[in-house]
Amino acid sequence: MFRGRHDHTIDQKGRLSIPAGFRTELQRQSERAPMLTISKDHLELYPRDDYEAMERDLAAKPDLQPEVQAYRRLFIGQATECPIDSQGRILVAPPLREHAQLKNKVTVVGNLKKIEIWQTDLFDKEMKSTLARLEEIQRSVDKGSDH
(Lines give C-alpha, C1' and ligand atoms only; values in the text may rest on other atoms or scores of the structure.)
Protein backbone atom coordinates (compact mmCIF):
# COMPACT_ATOMS: atom_id res chain seq x y z
CA MET A 1 0.00 0.00 0.00
CA PHE A 2 1.13 3.53 -0.75
CA ARG A 3 0.74 6.22 1.92
CA GLY A 4 1.89 9.77 2.48
CA ARG A 5 2.66 12.97 0.63
CA HIS A 6 6.02 13.92 -0.87
CA ASP A 7 6.83 17.19 -2.59
CA HIS A 8 9.29 16.92 -5.48
CA THR A 9 10.26 18.68 -8.65
CA ILE A 10 9.98 17.51 -12.22
CA ASP A 11 12.77 18.61 -14.54
CA GLN A 12 12.38 20.05 -18.05
CA LYS A 13 12.93 16.61 -19.57
CA GLY A 14 10.01 15.21 -17.55
CA ARG A 15 12.05 13.17 -15.08
CA LEU A 16 10.41 12.77 -11.68
CA SER A 17 11.98 11.14 -8.66
CA ILE A 18 9.73 8.56 -7.01
CA PRO A 19 10.07 8.52 -3.19
CA ALA A 20 12.24 5.63 -1.97
CA GLY A 21 9.45 3.94 -0.01
CA PHE A 22 7.17 4.05 -3.03
CA ARG A 23 9.91 2.63 -5.29
CA THR A 24 10.49 -0.22 -2.86
CA GLU A 25 6.76 -1.03 -2.78
CA LEU A 26 6.44 -0.84 -6.58
CA GLN A 27 9.36 -3.25 -6.98
CA ARG A 28 8.04 -5.53 -4.23
CA GLN A 29 4.69 -5.83 -5.99
CA SER A 30 6.04 -6.46 -9.48
CA GLU A 31 9.39 -6.94 -11.20
CA ARG A 32 7.97 -5.22 -14.28
CA ALA A 33 7.85 -1.46 -14.84
CA PRO A 34 4.86 0.39 -13.37
CA MET A 35 2.20 1.94 -15.57
CA LEU A 36 1.35 5.64 -15.65
CA THR A 37 -1.99 6.96 -16.89
CA ILE A 38 -4.19 10.02 -16.62
CA SER A 39 -7.03 10.81 -14.29
CA LYS A 40 -9.24 13.89 -14.26
CA ASP A 41 -6.63 16.42 -13.15
CA HIS A 42 -3.59 14.38 -12.16
CA LEU A 43 -1.66 11.25 -13.12
CA GLU A 44 -1.83 7.79 -11.55
CA LEU A 45 1.07 5.36 -11.27
CA TYR A 46 0.18 1.70 -10.71
CA PRO A 47 2.21 -1.41 -9.99
CA ARG A 48 2.07 -3.42 -13.21
CA ASP A 49 0.03 -6.31 -11.80
CA ASP A 50 -2.65 -3.97 -10.38
CA TYR A 51 -2.81 -2.06 -13.66
CA GLU A 52 -3.23 -5.28 -15.65
CA ALA A 53 -6.02 -6.42 -13.30
CA MET A 54 -7.82 -3.15 -14.03
CA GLU A 55 -7.32 -3.73 -17.77
CA ARG A 56 -8.87 -7.19 -17.45
CA ASP A 57 -11.86 -5.71 -15.58
CA LEU A 58 -12.33 -3.12 -18.33
CA ALA A 59 -11.97 -5.75 -21.05
CA ALA A 60 -14.82 -7.74 -19.45
CA LYS A 61 -17.24 -4.82 -19.68
CA PRO A 62 -19.65 -4.54 -22.66
CA ASP A 63 -17.96 -3.14 -25.78
CA LEU A 64 -21.09 -1.37 -26.98
CA GLN A 65 -21.49 0.95 -23.99
CA PRO A 66 -20.21 4.42 -24.96
CA GLU A 67 -19.06 5.10 -21.38
CA VAL A 68 -16.97 1.92 -21.38
CA GLN A 69 -15.40 2.87 -24.70
CA ALA A 70 -14.66 6.40 -23.49
CA TYR A 71 -13.14 5.25 -20.21
CA ARG A 72 -10.99 2.62 -21.96
CA ARG A 73 -9.80 5.26 -24.41
CA LEU A 74 -8.81 7.50 -21.52
CA PHE A 75 -7.42 5.01 -19.02
CA ILE A 76 -5.84 2.45 -21.39
CA GLY A 77 -5.20 4.63 -24.43
CA GLN A 78 -3.19 7.20 -22.49
CA ALA A 79 -1.24 4.69 -20.37
CA THR A 80 2.49 4.32 -20.68
CA GLU A 81 5.07 2.00 -19.18
CA CYS A 82 7.36 3.92 -16.82
CA PRO A 83 10.56 2.07 -15.94
CA ILE A 84 12.34 3.43 -12.88
CA ASP A 85 15.90 4.46 -13.78
CA SER A 86 19.02 3.89 -11.67
CA GLN A 87 18.46 7.23 -9.93
CA GLY A 88 14.90 6.34 -8.88
CA ARG A 89 13.15 8.46 -11.51
CA ILE A 90 10.43 7.89 -14.07
CA LEU A 91 10.09 9.75 -17.34
CA VAL A 92 6.69 11.41 -17.71
CA ALA A 93 5.81 11.80 -21.40
CA PRO A 94 4.97 15.33 -22.62
CA PRO A 95 1.25 14.64 -23.26
CA LEU A 96 0.86 13.34 -19.70
CA ARG A 97 2.78 16.29 -18.24
CA GLU A 98 0.61 18.67 -20.22
CA HIS A 99 -2.62 16.99 -19.11
CA ALA A 100 -1.71 17.21 -15.40
CA GLN A 101 -0.09 20.66 -15.85
CA LEU A 102 3.17 19.37 -14.34
CA LYS A 103 5.72 22.14 -14.53
CA ASN A 104 8.15 22.32 -11.62
CA LYS A 105 6.69 21.66 -8.17
CA VAL A 106 4.99 18.27 -8.06
CA THR A 107 3.25 16.45 -5.24
CA VAL A 108 3.48 12.66 -5.13
CA VAL A 109 0.75 11.11 -2.98
CA GLY A 110 0.22 7.53 -1.90
CA ASN A 111 -3.41 6.50 -2.30
CA LEU A 112 -3.47 2.86 -1.16
CA LYS A 113 -3.05 0.84 -4.41
CA LYS A 114 -1.81 3.70 -6.58
CA ILE A 115 0.43 6.73 -6.52
CA GLU A 116 -1.04 10.06 -7.59
CA ILE A 117 1.12 12.72 -9.23
CA TRP A 118 -0.21 16.28 -9.01
CA GLN A 119 0.91 19.78 -9.85
CA THR A 120 1.37 21.03 -6.27
CA ASP A 121 -0.90 24.06 -6.67
CA LEU A 122 -3.74 21.87 -7.97
CA PHE A 123 -3.24 19.34 -5.18
CA ASP A 124 -3.34 22.06 -2.51
CA LYS A 125 -6.53 23.46 -4.08
CA GLU A 126 -8.09 19.98 -4.09
CA MET A 127 -7.16 19.48 -0.42
CA LYS A 128 -8.75 22.81 0.56
CA SER A 129 -11.93 21.81 -1.27
CA THR A 130 -11.94 18.41 0.42
CA LEU A 131 -11.44 19.95 3.86
CA ALA A 132 -14.28 22.39 3.27
CA ARG A 133 -16.60 19.43 2.59
CA LEU A 134 -15.04 17.00 5.05
CA GLU A 135 -18.12 16.31 7.19
CA GLU A 136 -20.26 15.67 4.10
CA ILE A 137 -17.58 13.40 2.64
CA GLN A 138 -17.20 11.46 5.91
CA ARG A 139 -20.97 10.88 6.10
CA SER A 140 -21.01 9.61 2.53
CA VAL A 141 -18.05 7.29 3.14
CA ASP A 142 -19.53 6.05 6.44
CA LYS A 143 -22.89 5.38 4.75
CA GLY A 144 -21.15 3.10 2.25
CA SER A 145 -19.22 1.10 4.88
CA ASP A 146 -20.28 -1.93 6.90
CA HIS A 147 -19.47 -0.39 10.32
# chains A, B, ... in the order shown; residues from 1 in each chain; ligands from 1
>>> residues_around(residues="stretch 126-139 of chain A", least_positions_apart="4", cutoff="12 Å", atoms="only C-alpha atoms", output="list in words")
Arg5, Lys40, Asp41, His42, Thr107, Val109, Trp118, Gln119, Thr120, Asp121, Leu122, Lys143, Gly144 and Ser145 of chain A
>>> residues_around(residues="A:Leu91", least_positions_apart="2", cutoff="12 Å", atoms="only C-alpha atoms", output="list in words")
Ile10, Asp11, Gln12, Lys13, Gly14, Arg15, Leu16, Ser17, Ile18, Ala33, Pro34, Met35, Leu36, Leu45, Thr80, Glu81, Cys82, Pro83, Ile84, Asp85, Gln87, Gly88, Arg89, Ala93, Pro94, Pro95, Leu96 and Arg97 of chain A
>>> residues_around(residues="stretch 51-64 of chain A", least_positions_apart="4", cutoff="12 Å", atoms="only C-alpha atoms", output="list in words")
Leu26, Gln29, Ser30, Arg32, Ala33, Pro34, Met35, Leu36, Thr37, Glu44, Leu45, Tyr46, Pro47, Val68, Gln69, Ala70, Tyr71, Arg72, Arg73, Leu74, Phe75, Ile76, Gly77, Ala79, Thr80, Glu81, Lys113, Lys114 and Ile115 of chain A
>>> select_by_dssp(residues="stretch 22-59 of chain A", states="strand (DSSP E)", output="PyMOL selection string")
chain A and resi 35-38+43-46
>>> write_last_selection(atoms="N, CA, C and O atoms", output="short mmCIF file (atom, residue, chain, number, x, y, z; two decimals), in the first residue's frame")
data_model
loop_
_atom_site.label_atom_id
_atom_site.label_comp_id
_atom_site.auth_asym_id
_atom_site.auth_seq_id
_atom_site.Cartn_x
_atom_site.Cartn_y
_atom_site.Cartn_z
N MET A 35 2.94 1.30 -14.49
CA MET A 35 2.20 1.94 -15.57
C MET A 35 1.67 3.29 -15.09
O MET A 35 1.16 3.40 -13.98
N LEU A 36 1.80 4.30 -15.95
CA LEU A 36 1.35 5.64 -15.65
C LEU A 36 0.21 6.00 -16.60
O LEU A 36 0.31 5.77 -17.80
N THR A 37 -0.87 6.55 -16.05
CA THR A 37 -1.99 6.96 -16.89
C THR A 37 -2.62 8.23 -16.32
O THR A 37 -2.21 8.71 -15.26
N ILE A 38 -3.59 8.76 -17.05
CA ILE A 38 -4.19 10.02 -16.62
C ILE A 38 -5.47 9.77 -15.82
O ILE A 38 -6.13 8.76 -15.97
N LEU A 43 -2.09 12.51 -12.53
CA LEU A 43 -1.66 11.25 -13.12
C LEU A 43 -1.71 10.17 -12.05
O LEU A 43 -1.64 10.46 -10.85
N GLU A 44 -1.81 8.91 -12.48
CA GLU A 44 -1.83 7.79 -11.55
C GLU A 44 -0.80 6.75 -11.99
O GLU A 44 -0.77 6.35 -13.15
N LEU A 45 0.03 6.35 -11.03
CA LEU A 45 1.07 5.36 -11.27
C LEU A 45 0.68 4.08 -10.53
O LEU A 45 0.42 4.12 -9.32
N TYR A 46 0.62 2.98 -11.26
CA TYR A 46 0.18 1.70 -10.71
C TYR A 46 1.28 0.65 -10.81
O TYR A 46 1.97 0.58 -11.84
#
>>> atom_distance(atom1="atom CA of A:Thr9", atom2="atom CA of A:Glu116")
14.3 Å
>>> atom_distance(atom1="atom CA of A:Gln27", atom2="atom CA of A:Ser39")
22.8 Å
>>> select_by_dssp(residues="stretch 5-100 of chain A", states="helix (DSSP H, G or I)", output="JSON, numbers by chain")
{"A": [20, 21, 22, 23, 24, 25, 26, 27, 28, 29, 48, 49, 50, 51, 52, 53, 54, 55, 56, 57, 58, 59, 66, 67, 68, 69, 70, 71, 72, 73, 74, 75, 94, 95, 96, 97, 98, 99, 100]}
>>> atom_distance(atom1="atom CA of A:Asp142", atom2="atom CA of A:Asp50")
25.8 Å
